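**Student:** Sharing a structure below in structure tokens format, with a few things to ask.
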Number of protein chains: 6
Amino acid sequence: KPRYNSDIYKVANIPGVSIGLAWTYVGGDILFMETSLSDGKGELKLTGNLGNVMKESAVTALSYLQTNAKKMAIDAKLFEKKNIHVHVPEGAVPKDGPSAGITIMTSIASALTGKRVKPYLAMTGEITLRGQVLPVGGIKEKVLAARRAGLKEIVLCWQNERDIKEIEPAFIKGLTFHYVKTMQQVLDIALG
Amino acid sequence: KPRYNSDIYKVANIPGVSIGLAWTYVGGDILFMETSLSDGKGELKLTGNLGNVMKESAVTALSYLQTNAKKMAIDAKLFEKKNIHVHVPEGAVPKDGPSAGITIMTSIASALTGKRVKPYLAMTGEITLRGQVLPVGGIKEKVLAARRAGLKEIVLCWQNERDIKEIEPAFIKGLTFHYVKTMQQVLDIALG
Amino acid sequence: KPRYNSDIYKVANIPGVSIGLAWTYVGGDILFMETSLSDGKGELKLTGNLGNVMKESAVTALSYLQTNAKKMAIDAKLFEKKNIHVHVPEGAVPKDGPSAGITIMTSIASALTGKRVKPYLAMTGEITLRGQVLPVGGIKEKVLAARRAGLKEIVLCWQNERDIKEIEPAFIKGLTFHYVKTMQQVLDIALG
Amino acid sequence: KPRYNSDIYKVANIPGVSIGLAWTYVGGDILFMETSLSDGKGELKLTGNLGNVMKESAVTALSYLQTNAKKMAIDAKLFEKKNIHVHVPEGAVPKDGPSAGITIMTSIASALTGKRVKPYLAMTGEITLRGQVLPVGGIKEKVLAARRAGLKEIVLCWQNERDIKEIEPAFIKGLTFHYVKTMQQVLDIALG
Amino acid sequence: KPRYNSDIYKVANIPGVSIGLAWTYVGGDILFMETSLSDGKGELKLTGNLGNVMKESAVTALSYLQTNAKKMAIDAKLFEKKNIHVHVPEGAVPKDGPSAGITIMTSIASALTGKRVKPYLAMTGEITLRGQVLPVGGIKEKVLAARRAGLKEIVLCWQNERDIKEIEPAFIKGLTFHYVKTMQQVLDIALG
Amino acid sequence: KPRYNSDIYKVANIPGVSIGLAWTYVGGDILFMETSLSDGKGELKLTGNLGNVMKESAVTALSYLQTNAKKMAIDAKLFEKKNIHVHVPEGAVPKDGPSAGITIMTSIASALTGKRVKPYLAMTGEITLRGQVLPVGGIKEKVLAARRAGLKEIVLCWQNERDIKEIEPAFIKGLTFHYVKTMQQVLDIALG
Ligand SMILES: [Ca+2]
Ligand SMILES: [Ca+2]
Ligand SMILES: [Ca+2]
Ligand SMILES: [Ca+2]
Ligand SMILES: [Ca+2]
Ligand SMILES: [Ca+2]
Ligand SMILES: [Ca+2]
Ligand SMILES: [Ca+2]
Ligand SMILES: [Ca+2]
Ligand SMILES: [Ca+2]
Ligand SMILES: [Ca+2]
Ligand SMILES: [Ca+2]
């Protein structure tokens, strides 16, 4: 299995790439989210064996960024002139659920602004259309997967703090947690 | 589970957000309905793991507001120049049924007029294309969920008044009920 | 359950609303059919948890009215400038079958001409593209439901007259029946 | 059940209406095929609870008539300026199979030329894109249904003649059979 | 069952008609493939109860002919000005699989060039986008069906020659076989 | 079964054709990937009995090439003026999974640049939207199939090197392996 070592990091370190934490049938895992832009008419393409709920997260993320483009310093014309493609390797693994919401939004925002996501940063949380971050499940398994992969910081909803408190401290030594309430806070941390 | 405390309230207090009462497989619950506008060609986007009947409620709500735009003080050009996105967190929970009709219509009307929904107000009821409000089921469970969440006023169809009369008064102490016949009355209460 | 009392009547008494008789899994029932127009490009929207056969009835009704617009005193430009939305409450009840045909056509014709449907009038019958009315089933249960709801006149296919003859006269006292062969006769009675 | 008596005949006697013979789950039956034109962009609408094979017959019929418009004395501009709606009552009965092909093509040709179909004439047979008529099954049941309905002439593929020979002559007394090889022959008989 | 006697031949002998060999649930059979052109915008219509793999063969055939139009002496403007309809009677029989590929391509090429397919010629083989012909199964049953129908020449992939060698010579007396590697060779034989 | 002998090679040696290694229900196999361009509006057509994950690989490949067109020396106007058709014979075999990703991208890049793929070269690996190559499964079976077919060089993800080390050396004698990290490296080898 690929790991987020410094080798992979060099390749991943381009705008449009963010790292999420998922709870798949094999347990906690990290998921790269990749967004690229190409000339087009504002179409959203979604690939990577995604279920309907995860696809809806991407639609919601895009609407939020379009509605709040000015506040996010995103050029509003991009939504009309570019196609936006979000891909989540690895294609053999079916993926679903709302917990990738903030990671997908960060990936898209990174591609649209051209700013790279902070390295060694992962995240998990549901987004809402009004910009709130909602808590998600499977926190322990996700955090352990992040640590195994060599990641260093994790963004979570403030309501997931209690889940972190229940993990044996030795298991999460060296990890920094960011507890957030809004999508704006996620982007402040991720895109600086 | 998230609760409608004053903390959440501050975040939610923007145009386009209304609060519905639902009867899910875990019992009564509150549902935020979020509508945002972005530049577009009048497309309606619906996300949040919604079933077909709930999606049809949103289509019906939009038709009603478009047909009656003048009466509602809505700029009719918005229906051609904006895409309208209605999202209902939480994505992990499948949602269906007609009872979210008046809440979705209120959410859309709030976004289109820029008026915020009255705080601490929830609602449940089916809409019709001619503007009537129809009664719905699960009233007791929905009302108790509203109270647990700290809400204070509830809008219902006048034909659901008998369901409120059957609830032990102590359980609904402090709640104000508004019984309505038409969608116009809902909007008068919600958007003032 | 809602009843067609004078209170509901006042609300329902606008162009685009007609009353059908249906045979649902709970027995005979009345169904309101609602049509509204909004600016658009001639799209037909159908909501209300309708099955494919009932949806096809609406498509057939619309074609008939468009082809015969001049004879019906309908402005032919409306079919290009307006979207036509037909909604059948109550969303929680699945509805299907061809028997709502003449009721849907009456609802659309009422919306397109701006003429209100005659009050206390219900109807049931299949339409054809050439304007004939065909007989339908479940007549006894439908007629009894109409009477329970306080309706006074019922439009039926002439071939359903034998079904009325088989009902105990006391059960249908006070009801007036109109037996028709063509859609033109239905509209003459309903829109006067 | 409706019968093709002289009363129905008066209503049916307009361009666009032809009569087919079908083999449904209740045995042989007659099926009216109705085509109407309305202003549009050449869209084909198909209603009447039709299965995929019967829908494909209609698509094939339309292609044949469009490709051979000149030979059929059809104004080729109609295919671009009109929507063509083919409806087959009765909506409660599912219908499928290729045997309605020549009847649908006759119905469309009648609507496009404005010529009425010869009265008391029924037909059954599969069409091909090159204009051949192919044999179909269920001939005995179909022919008996035609006679019960009071019809007088029947168009069939020449390869179905052997099926007619096997029917007891007394059962088909008074019926005239036309055996054809091509769609052109069908239209010569039906539209004269 | 229809047979390819000289009577049918006269009707079939128009551009756009080719004869394939299929292996259906009733054993080997011949299949007519019919292509017609009508004014349009380059749409491909496929009818005849075809499965997805057979539909994909038609899409592939069309791409090949469009990409290689000049080499095939096909007017490239036809792909934009005409709709292309491929129909395979008999509609009651489901058809699928890749083996009709070269027959469909021949049918389309015949319609586009206006050249008739050589009479008494049948074929079976999968096509590729680069113009190769691939071997297919069921050769013995297909060849016997061709002979029963009175056909005289058969085009096959060179890799199917071994299948012909295994058939008792008396069974295929009088048949001529053409073994090909490319689609170009098929068209040289069929459209000469 | 077709084999990649020099005879087939001559036919295959045109731009747009690449060779992948697949793991089907019959074991390891080679798959030709064919891409052709025709005049159009940038539509992507996918045929060959492909599952959803393989189709998504093609969509991802196309996005990557469009976004990085300049770097790849691809004329960016081709994405708007041409339809791109990717076909994978043999249609009778269902194909799925992400491992064809780099082969499909090579096939498309070959068609778009007009450069032929290096002969006797096969490949297998998942692509990502950011241009990384990911490891895939079934390596032993795939490599043995490549050798049986007479291929000489194989491109793999560097993380699949361990899978090659586990194969008995005698089985892969004469084969050259290229271990890559990025899609750019694949194209450097394949299109030179
Ligand atoms: Ca993984
Ligand atoms: Ca995540
Ligand atoms: Ca909840
Ligand atoms: Ca509600
Ligand atoms: Ca009711
Ligand atoms: Ca009715
Ligand atoms: Ca009947
Ligand atoms: Ca028929
Ligand atoms: Ca046959
Ligand atoms: Ca064939
Ligand atoms: Ca193979
Ligand atoms: Ca591969």
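All residue names refer to the structure tokens as shown: chains lettered A, B, ... in order, residues numbered from 1 in each chain, ligands numbered from 1 in order.
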Report as a list in words which protein, DNA and RNA residues come within 10 Å of ligand 5, using only C-alpha atoms and all ligand atoms.

**Tutor:**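 Using only C-alpha atoms and all ligand atoms, everything at most 10 Å from ligand 5 comes to Lys1, Pro2, Arg3, Ala22, Thr24, Val26, Gly28, Asp29, Ile30, Leu31, Phe32, Pro89, Glu90, Ala92, Val93, Ala145 and Ala149 of chain C.
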
**Student:** Deliver the residues from the most recent selection as a file, using N, CA, C and O atoms, as a PDB file, in the first residue's frame.

**Tutor:**
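Written out: again12.pdb:
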ATOM      1  N   LYS C   1     -58.109  13.061   7.775  1.00  0.00           N
ATOM      2  CA  LYS C   1     -58.027  13.235   6.326  1.00  0.00           C
ATOM      3  C   LYS C   1     -58.739  14.508   5.880  1.00  0.00           C
ATOM      4  O   LYS C   1     -59.816  14.818   6.375  1.00  0.00           O
ATOM      5  N   PRO C   2     -58.153  15.214   4.911  1.00  0.00           N
ATOM      6  CA  PRO C   2     -58.783  16.449   4.453  1.00  0.00           C
ATOM      7  C   PRO C   2     -60.106  16.125   3.778  1.00  0.00           C
ATOM      8  O   PRO C   2     -60.264  15.093   3.147  1.00  0.00           O
ATOM      9  N   ARG C   3     -61.071  16.987   3.933  1.00  0.00           N
ATOM     10  CA  ARG C   3     -62.355  16.816   3.265  1.00  0.00           C
ATOM     11  C   ARG C   3     -62.672  18.066   2.447  1.00  0.00           C
ATOM     12  O   ARG C   3     -62.212  19.150   2.733  1.00  0.00           O
ATOM     13  N   ALA C  22     -59.992   8.513  -7.235  1.00  0.00           N
ATOM     14  CA  ALA C  22     -58.966   7.482  -7.410  1.00  0.00           C
ATOM     15  C   ALA C  22     -59.281   6.272  -6.564  1.00  0.00           C
ATOM     16  O   ALA C  22     -60.058   6.333  -5.604  1.00  0.00           O
ATOM     17  N   THR C  24     -57.136   3.952  -4.484  1.00  0.00           N
ATOM     18  CA  THR C  24     -55.803   3.695  -3.941  1.00  0.00           C
ATOM     19  C   THR C  24     -55.842   2.461  -3.065  1.00  0.00           C
ATOM     20  O   THR C  24     -56.872   1.804  -2.946  1.00  0.00           O
ATOM     21  N   VAL C  26     -56.022   2.270  -0.080  1.00  0.00           N
ATOM     22  CA  VAL C  26     -56.929   2.420   1.062  1.00  0.00           C
ATOM     23  C   VAL C  26     -58.377   2.538   0.613  1.00  0.00           C
ATOM     24  O   VAL C  26     -59.254   2.889   1.388  1.00  0.00           O
ATOM     25  N   GLY C  28     -61.498   3.955  -2.222  1.00  0.00           N
ATOM     26  CA  GLY C  28     -61.784   5.144  -3.023  1.00  0.00           C
ATOM     27  C   GLY C  28     -61.325   6.403  -2.302  1.00  0.00           C
ATOM     28  O   GLY C  28     -61.319   6.465  -1.067  1.00  0.00           O
ATOM     29  N   ASP C  29     -60.894   7.395  -3.053  1.00  0.00           N
ATOM     30  CA  ASP C  29     -60.419   8.634  -2.446  1.00  0.00           C
ATOM     31  C   ASP C  29     -60.555   9.759  -3.475  1.00  0.00           C
ATOM     32  O   ASP C  29     -60.688   9.500  -4.668  1.00  0.00           O
ATOM     33  N   ILE C  30     -60.546  10.990  -2.994  1.00  0.00           N
ATOM     34  CA  ILE C  30     -60.509  12.101  -3.928  1.00  0.00           C
ATOM     35  C   ILE C  30     -59.071  12.592  -4.046  1.00  0.00           C
ATOM     36  O   ILE C  30     -58.290  12.495  -3.103  1.00  0.00           O
ATOM     37  N   LEU C  31     -58.723  13.086  -5.214  1.00  0.00           N
ATOM     38  CA  LEU C  31     -57.375  13.596  -5.468  1.00  0.00           C
ATOM     39  C   LEU C  31     -57.497  14.985  -6.088  1.00  0.00           C
ATOM     40  O   LEU C  31     -58.156  15.141  -7.113  1.00  0.00           O
ATOM     41  N   PHE C  32     -56.865  15.970  -5.473  1.00  0.00           N
ATOM     42  CA  PHE C  32     -56.769  17.273  -6.114  1.00  0.00           C
ATOM     43  C   PHE C  32     -55.675  17.209  -7.173  1.00  0.00           C
ATOM     44  O   PHE C  32     -54.623  16.608  -6.948  1.00  0.00           O
ATOM     45  N   PRO C  89     -51.129  16.361  -4.826  1.00  0.00           N
ATOM     46  CA  PRO C  89     -50.960  15.941  -3.419  1.00  0.00           C
ATOM     47  C   PRO C  89     -51.790  14.690  -3.214  1.00  0.00           C
ATOM     48  O   PRO C  89     -52.767  14.465  -3.937  1.00  0.00           O
ATOM     49  N   GLU C  90     -51.454  13.814  -2.305  1.00  0.00           N
ATOM     50  CA  GLU C  90     -50.559  13.925  -1.196  1.00  0.00           C
ATOM     51  C   GLU C  90     -49.348  13.076  -1.500  1.00  0.00           C
ATOM     52  O   GLU C  90     -49.479  11.926  -1.871  1.00  0.00           O
ATOM     53  N   ALA C  92     -47.196  11.383   0.039  1.00  0.00           N
ATOM     54  CA  ALA C  92     -46.886  10.105   0.689  1.00  0.00           C
ATOM     55  C   ALA C  92     -47.584   8.926   0.017  1.00  0.00           C
ATOM     56  O   ALA C  92     -47.203   7.781   0.227  1.00  0.00           O
ATOM     57  N   VAL C  93     -48.597   9.190  -0.802  1.00  0.00           N
ATOM     58  CA  VAL C  93     -49.379   8.118  -1.425  1.00  0.00           C
ATOM     59  C   VAL C  93     -48.952   7.917  -2.878  1.00  0.00           C
ATOM     60  O   VAL C  93     -49.089   8.834  -3.695  1.00  0.00           O
ATOM     61  N   ALA C 145     -66.611   7.734  -2.292  1.00  0.00           N
ATOM     62  CA  ALA C 145     -65.611   8.661  -1.745  1.00  0.00           C
ATOM     63  C   ALA C 145     -65.974  10.096  -2.088  1.00  0.00           C
ATOM     64  O   ALA C 145     -65.799  11.016  -1.268  1.00  0.00           O
ATOM     65  N   ALA C 149     -66.933  13.156   0.646  1.00  0.00           N
ATOM     66  CA  ALA C 149     -66.171  14.414   0.640  1.00  0.00           C
ATOM     67  C   ALA C 149     -67.052  15.628   0.390  1.00  0.00           C
ATOM     68  O   ALA C 149     -66.574  16.753   0.390  1.00  0.00           O
TER      69      ALA C 149
END

**Student:** Please identify all protein, DNA and RNA residues within 7 Å of ligand 8, counting only C-alpha atoms and all ligand atoms, and report them as a list in words.

**Tutor:** Gly20, Leu21, Ala22, Ser99, Ala100, Gly101, Ile102, Thr103, Met123, Thr124 and Gly125 of chain D

**Student:** Please, which residues in chain E fall within 12 Å of ligand 11 when counting only C-alpha atoms and all ligand atoms, and what is the closest atom pair and distance in Å to one decimal for each, ordered by chain then residue number, as a tab-separated table?

**Tutor:**
residue	atom	partner	partner_atom_place_in_ligand_line	distance
E:Leu134	CA	ligand 11	1 (Ca)	10.4
E:Pro135	CA	ligand 11	1 (Ca)	10.7
E:Val136	CA	ligand 11	1 (Ca)	11.7

**Student:** In Å, rounded to a single decimal, give me how far atom CA of Tyr120 of chain C is from atom CA of Asp163 of chain C.

**Tutor:** 21.4 Å

**Student:** Skip Asp75 of chain D itself and residues of its chain fewer than 3 positions away, then list as number ranges by chain all residues within 8 Å of it, counting only C-alpha atoms.

**Tutor:** D: 69-70, 78, 112-113

**Student:** Please provide as a PyMOL selection string all residues within 12 Å of Lys77 of chain E, with the sequence filter that same-chain residues fewer than 4 positions apart are discarded (counting only C-alpha atoms).

**Tutor:** (chain E and resi 39-42+66+69-70+73+81-83+112) or (chain F and resi 39-40)

**Student:** Could those residues be written to a file, using N, CA and C atoms, as an mmCIF file, in the first residue's frame?

**Tutor:**
data_model
loop_
_atom_site.group_PDB
_atom_site.id
_atom_site.type_symbol
_atom_site.label_atom_id
_atom_site.label_comp_id
_atom_site.auth_asym_id
_atom_site.auth_seq_id
_atom_site.Cartn_x
_atom_site.Cartn_y
_atom_site.Cartn_z
ATOM 1 N N ASP E 39 -32.475 13.207 -43.005
ATOM 2 C CA ASP E 39 -31.909 14.509 -42.650
ATOM 3 C C ASP E 39 -31.825 14.628 -41.135
ATOM 4 N N GLY E 40 -30.725 15.176 -40.641
ATOM 5 C CA GLY E 40 -30.561 15.269 -39.195
ATOM 6 C C GLY E 40 -29.221 15.874 -38.837
ATOM 7 N N LYS E 41 -28.740 15.551 -37.636
ATOM 8 C CA LYS E 41 -27.497 16.154 -37.136
ATOM 9 C C LYS E 41 -26.485 15.098 -36.710
ATOM 10 N N GLY E 42 -26.469 13.979 -37.430
ATOM 11 C CA GLY E 42 -25.437 12.996 -37.144
ATOM 12 C C GLY E 42 -25.756 12.063 -35.994
ATOM 13 N N GLN E 66 -16.157 6.998 -39.971
ATOM 14 C CA GLN E 66 -15.980 8.450 -39.964
ATOM 15 C C GLN E 66 -14.490 8.819 -40.010
ATOM 16 N N ALA E 69 -13.112 8.027 -43.531
ATOM 17 C CA ALA E 69 -14.074 8.355 -44.596
ATOM 18 C C ALA E 69 -13.391 8.532 -45.947
ATOM 19 N N LYS E 70 -12.321 9.277 -45.951
ATOM 20 C CA LYS E 70 -11.665 9.567 -47.232
ATOM 21 C C LYS E 70 -11.232 8.272 -47.935
ATOM 22 N N ALA E 73 -14.012 6.469 -49.554
ATOM 23 C CA ALA E 73 -14.782 7.223 -50.559
ATOM 24 C C ALA E 73 -16.174 7.588 -50.038
ATOM 25 N N LYS E 81 -24.786 15.832 -41.480
ATOM 26 C CA LYS E 81 -26.061 16.261 -42.058
ATOM 27 C C LYS E 81 -27.153 15.192 -41.997
ATOM 28 N N LYS E 82 -26.769 13.968 -41.699
ATOM 29 C CA LYS E 82 -27.736 12.870 -41.744
ATOM 30 C C LYS E 82 -27.821 12.175 -40.383
ATOM 31 N N ASN E 83 -29.000 11.723 -40.022
ATOM 32 C CA ASN E 83 -29.109 10.740 -38.955
ATOM 33 C C ASN E 83 -28.947 9.366 -39.578
ATOM 34 N N LEU E 112 -24.016 4.695 -46.769
ATOM 35 C CA LEU E 112 -23.296 5.974 -46.924
ATOM 36 C C LEU E 112 -22.722 6.148 -48.331
ATOM 37 N N ASP F 39 -13.974 14.169 -36.443
ATOM 38 C CA ASP F 39 -14.470 15.531 -36.258
ATOM 39 C C ASP F 39 -15.635 15.524 -35.282
ATOM 40 N N GLY F 40 -15.671 16.503 -34.380
ATOM 41 C CA GLY F 40 -16.730 16.524 -33.374
ATOM 42 C C GLY F 40 -16.564 17.690 -32.422
#

**Student:** List every residue of segment 51-142 of chain E that DSSP, applied to the backbone of this structure, places in helix (DSSP H, G or I), and write the result as number ranges by chain.

**Tutor:** E: 52-67, 78-81, 98-113, 139-142

**Student:** Counting only C-alpha atoms, what are the residues of chain E within 12 Å of chain D, and for each of them which pair of atoms is the nearest and at what distance in Å, to one decimal? Sort the table by chain and rising number, as a Markdown table.

**Tutor:**
| residue | atom | partner | partner_atom | distance |
| --- | --- | --- | --- | --- |
| E:Lys1 | CA | D:Pro135 | CA | 8.3 |
| E:Pro2 | CA | D:Gln159 | CA | 8.0 |
| E:Arg3 | CA | D:Gln159 | CA | 10.7 |
| E:Asp7 | CA | D:Lys181 | CA | 9.9 |
| E:Ile8 | CA | D:Gln132 | CA | 9.0 |
| E:Tyr9 | CA | D:Gln132 | CA | 11.2 |
| E:Lys10 | CA | D:Gln132 | CA | 10.9 |
| E:Val11 | CA | D:Gln132 | CA | 7.3 |
| E:Ala12 | CA | D:Arg130 | CA | 7.4 |
| E:Asn13 | CA | D:Arg130 | CA | 9.6 |
| E:Ile14 | CA | D:Arg130 | CA | 8.0 |
| E:Pro15 | CA | D:Arg130 | CA | 9.4 |
| E:Gly16 | CA | D:Arg130 | CA | 8.5 |
| E:Val17 | CA | D:Arg130 | CA | 8.0 |
| E:Ser18 | CA | D:Arg130 | CA | 11.4 |
| E:Phe32 | CA | D:Thr128 | CA | 9.6 |
| E:Met33 | CA | D:Leu129 | CA | 9.2 |
| E:Glu34 | CA | D:Leu129 | CA | 6.2 |
| E:Thr35 | CA | D:Leu129 | CA | 7.3 |
| E:Ser36 | CA | D:Leu129 | CA | 7.0 |
| E:Leu37 | CA | D:Thr67 | CA | 6.4 |
| E:Ser38 | CA | D:Thr67 | CA | 5.1 |
| E:Asp39 | CA | D:Thr67 | CA | 8.0 |
| E:Gly40 | CA | D:Glu80 | CA | 8.9 |
| E:Lys41 | CA | D:Glu80 | CA | 11.5 |
| E:Leu44 | CA | D:Ser63 | CA | 11.6 |
| E:Lys45 | CA | D:Val59 | CA | 8.6 |
| E:Leu46 | CA | D:Glu56 | CA | 8.6 |
| E:Thr47 | CA | D:Glu56 | CA | 5.7 |
| E:Gly48 | CA | D:Glu56 | CA | 6.9 |
| E:Asn49 | CA | D:Val53 | CA | 6.3 |
| E:Leu50 | CA | D:Val53 | CA | 9.8 |
| E:Lys82 | CA | D:Thr67 | CA | 10.4 |
| E:Asn83 | CA | D:Ser63 | CA | 9.2 |
| E:Ile84 | CA | D:Ser63 | CA | 9.3 |
| E:His85 | CA | D:Ser63 | CA | 7.3 |
| E:Val86 | CA | D:Leu129 | CA | 8.2 |
| E:His87 | CA | D:Leu129 | CA | 6.4 |
| E:Val88 | CA | D:Thr128 | CA | 8.0 |
| E:Pro89 | CA | D:Thr128 | CA | 6.4 |
| E:Glu90 | CA | D:Pro98 | CA | 7.8 |
| E:Gly91 | CA | D:Pro98 | CA | 5.4 |
| E:Ala92 | CA | D:Gly97 | CA | 6.1 |
| E:Val93 | CA | D:Val53 | CA | 9.7 |
| E:Pro94 | CA | D:Val53 | CA | 9.6 |
| E:Ser107 | CA | D:Arg130 | CA | 12.0 |
| E:Ala111 | CA | D:Arg130 | CA | 11.4 |

**Student:** Save out the residues we just selected, C-alpha atoms, as a PDB file, in the first residue's frame.

**Tutor:**
ATOM      1  CA  LYS E   1     -39.557 -18.444 -40.909  1.00  0.00           C
ATOM      2  CA  PRO E   2     -38.502 -16.082 -43.699  1.00  0.00           C
ATOM      3  CA  ARG E   3     -35.878 -17.479 -46.056  1.00  0.00           C
ATOM      4  CA  ASP E   7     -38.324 -13.259 -53.777  1.00  0.00           C
ATOM      5  CA  ILE E   8     -36.943 -11.704 -50.611  1.00  0.00           C
ATOM      6  CA  TYR E   9     -33.776 -10.922 -52.451  1.00  0.00           C
ATOM      7  CA  LYS E  10     -35.508  -8.533 -54.800  1.00  0.00           C
ATOM      8  CA  VAL E  11     -36.861  -6.544 -51.878  1.00  0.00           C
ATOM      9  CA  ALA E  12     -33.583  -6.623 -49.982  1.00  0.00           C
ATOM     10  CA  ASN E  13     -31.468  -5.506 -52.878  1.00  0.00           C
ATOM     11  CA  ILE E  14     -31.138  -1.847 -51.925  1.00  0.00           C
ATOM     12  CA  PRO E  15     -28.203   0.060 -50.432  1.00  0.00           C
ATOM     13  CA  GLY E  16     -27.926  -0.260 -46.650  1.00  0.00           C
ATOM     14  CA  VAL E  17     -28.872  -3.931 -46.320  1.00  0.00           C
ATOM     15  CA  SER E  18     -26.338  -6.598 -45.346  1.00  0.00           C
ATOM     16  CA  PHE E  32     -30.657  -8.762 -41.946  1.00  0.00           C
ATOM     17  CA  MET E  33     -28.988  -5.491 -40.951  1.00  0.00           C
ATOM     18  CA  GLU E  34     -30.668  -2.385 -42.352  1.00  0.00           C
ATOM     19  CA  THR E  35     -29.286   1.146 -42.405  1.00  0.00           C
ATOM     20  CA  SER E  36     -31.166   4.191 -43.612  1.00  0.00           C
ATOM     21  CA  LEU E  37     -30.222   7.853 -43.675  1.00  0.00           C
ATOM     22  CA  SER E  38     -32.509  10.794 -43.014  1.00  0.00           C
ATOM     23  CA  ASP E  39     -31.909  14.509 -42.650  1.00  0.00           C
ATOM     24  CA  GLY E  40     -30.561  15.269 -39.195  1.00  0.00           C
ATOM     25  CA  LYS E  41     -27.497  16.154 -37.136  1.00  0.00           C
ATOM     26  CA  LEU E  44     -27.046   7.246 -34.475  1.00  0.00           C
ATOM     27  CA  LYS E  45     -30.299   5.337 -33.841  1.00  0.00           C
ATOM     28  CA  LEU E  46     -30.194   1.633 -33.016  1.00  0.00           C
ATOM     29  CA  THR E  47     -33.297  -0.584 -32.939  1.00  0.00           C
ATOM     30  CA  GLY E  48     -34.167  -4.268 -33.086  1.00  0.00           C
ATOM     31  CA  ASN E  49     -33.966  -5.460 -29.492  1.00  0.00           C
ATOM     32  CA  LEU E  50     -30.164  -5.155 -29.396  1.00  0.00           C
ATOM     33  CA  LYS E  82     -27.736  12.870 -41.744  1.00  0.00           C
ATOM     34  CA  ASN E  83     -29.109  10.740 -38.955  1.00  0.00           C
ATOM     35  CA  ILE E  84     -28.036   7.127 -39.341  1.00  0.00           C
ATOM     36  CA  HIS E  85     -30.522   4.457 -38.287  1.00  0.00           C
ATOM     37  CA  VAL E  86     -29.438   0.824 -37.982  1.00  0.00           C
ATOM     38  CA  HIS E  87     -32.289  -1.652 -37.503  1.00  0.00           C
ATOM     39  CA  VAL E  88     -32.072  -5.424 -37.125  1.00  0.00           C
ATOM     40  CA  PRO E  89     -35.340  -7.315 -37.587  1.00  0.00           C
ATOM     41  CA  GLU E  90     -36.853  -9.408 -36.019  1.00  0.00           C
ATOM     42  CA  GLY E  91     -37.847  -7.382 -32.967  1.00  0.00           C
ATOM     43  CA  ALA E  92     -39.141 -10.334 -30.951  1.00  0.00           C
ATOM     44  CA  VAL E  93     -35.663 -11.893 -30.747  1.00  0.00           C
ATOM     45  CA  PRO E  94     -33.109 -10.349 -28.343  1.00  0.00           C
ATOM     46  CA  SER E 107     -24.572  -2.071 -43.769  1.00  0.00           C
ATOM     47  CA  ALA E 111     -25.935   3.235 -47.017  1.00  0.00           C
TER      48      ALA E 111
END

**Student:** Report the distance between atom CA of Gly150 of chain A and atom 1 (Ca, counted along the ligand's line) of ligand 1 in Å, rounded to one decimal place.

**Tutor:**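 Taking atom CA of Gly150 of chain A as the start and atom 1 (Ca, counted along the ligand's line) of ligand 1 as the end point, the length is 13.5 Å.
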
**Student:** Looking only at the backbone, which of the residues in segment 13-150 of chain D does DSSP tag as strand (DSSP E or B), as a PyMOL selection string?

**Tutor:** chain D and resi 17-24+27-39+44-47+50+82-87+95+121-123+126-127+132-134

**Student:** Please list as a list in words every residue within 10 Å of Ile167 of chain E, counting only C-alpha atoms and excluding residues in the same chain fewer than 2 positions away.

**Tutor:**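 Result of the neighbour search: Ile139, Lys140, Glu141, Val143, Leu144, Arg162, Asp163, Ile164, Lys165, Pro169, Ala170, Phe171 and Ile172 of chain E.
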
**Student:** Could you state the separation of atom CA of Glu166 of chain D and atom CA of Gly138 of chain D in Å, given to one decimal place?

**Tutor:** 12.3 Å
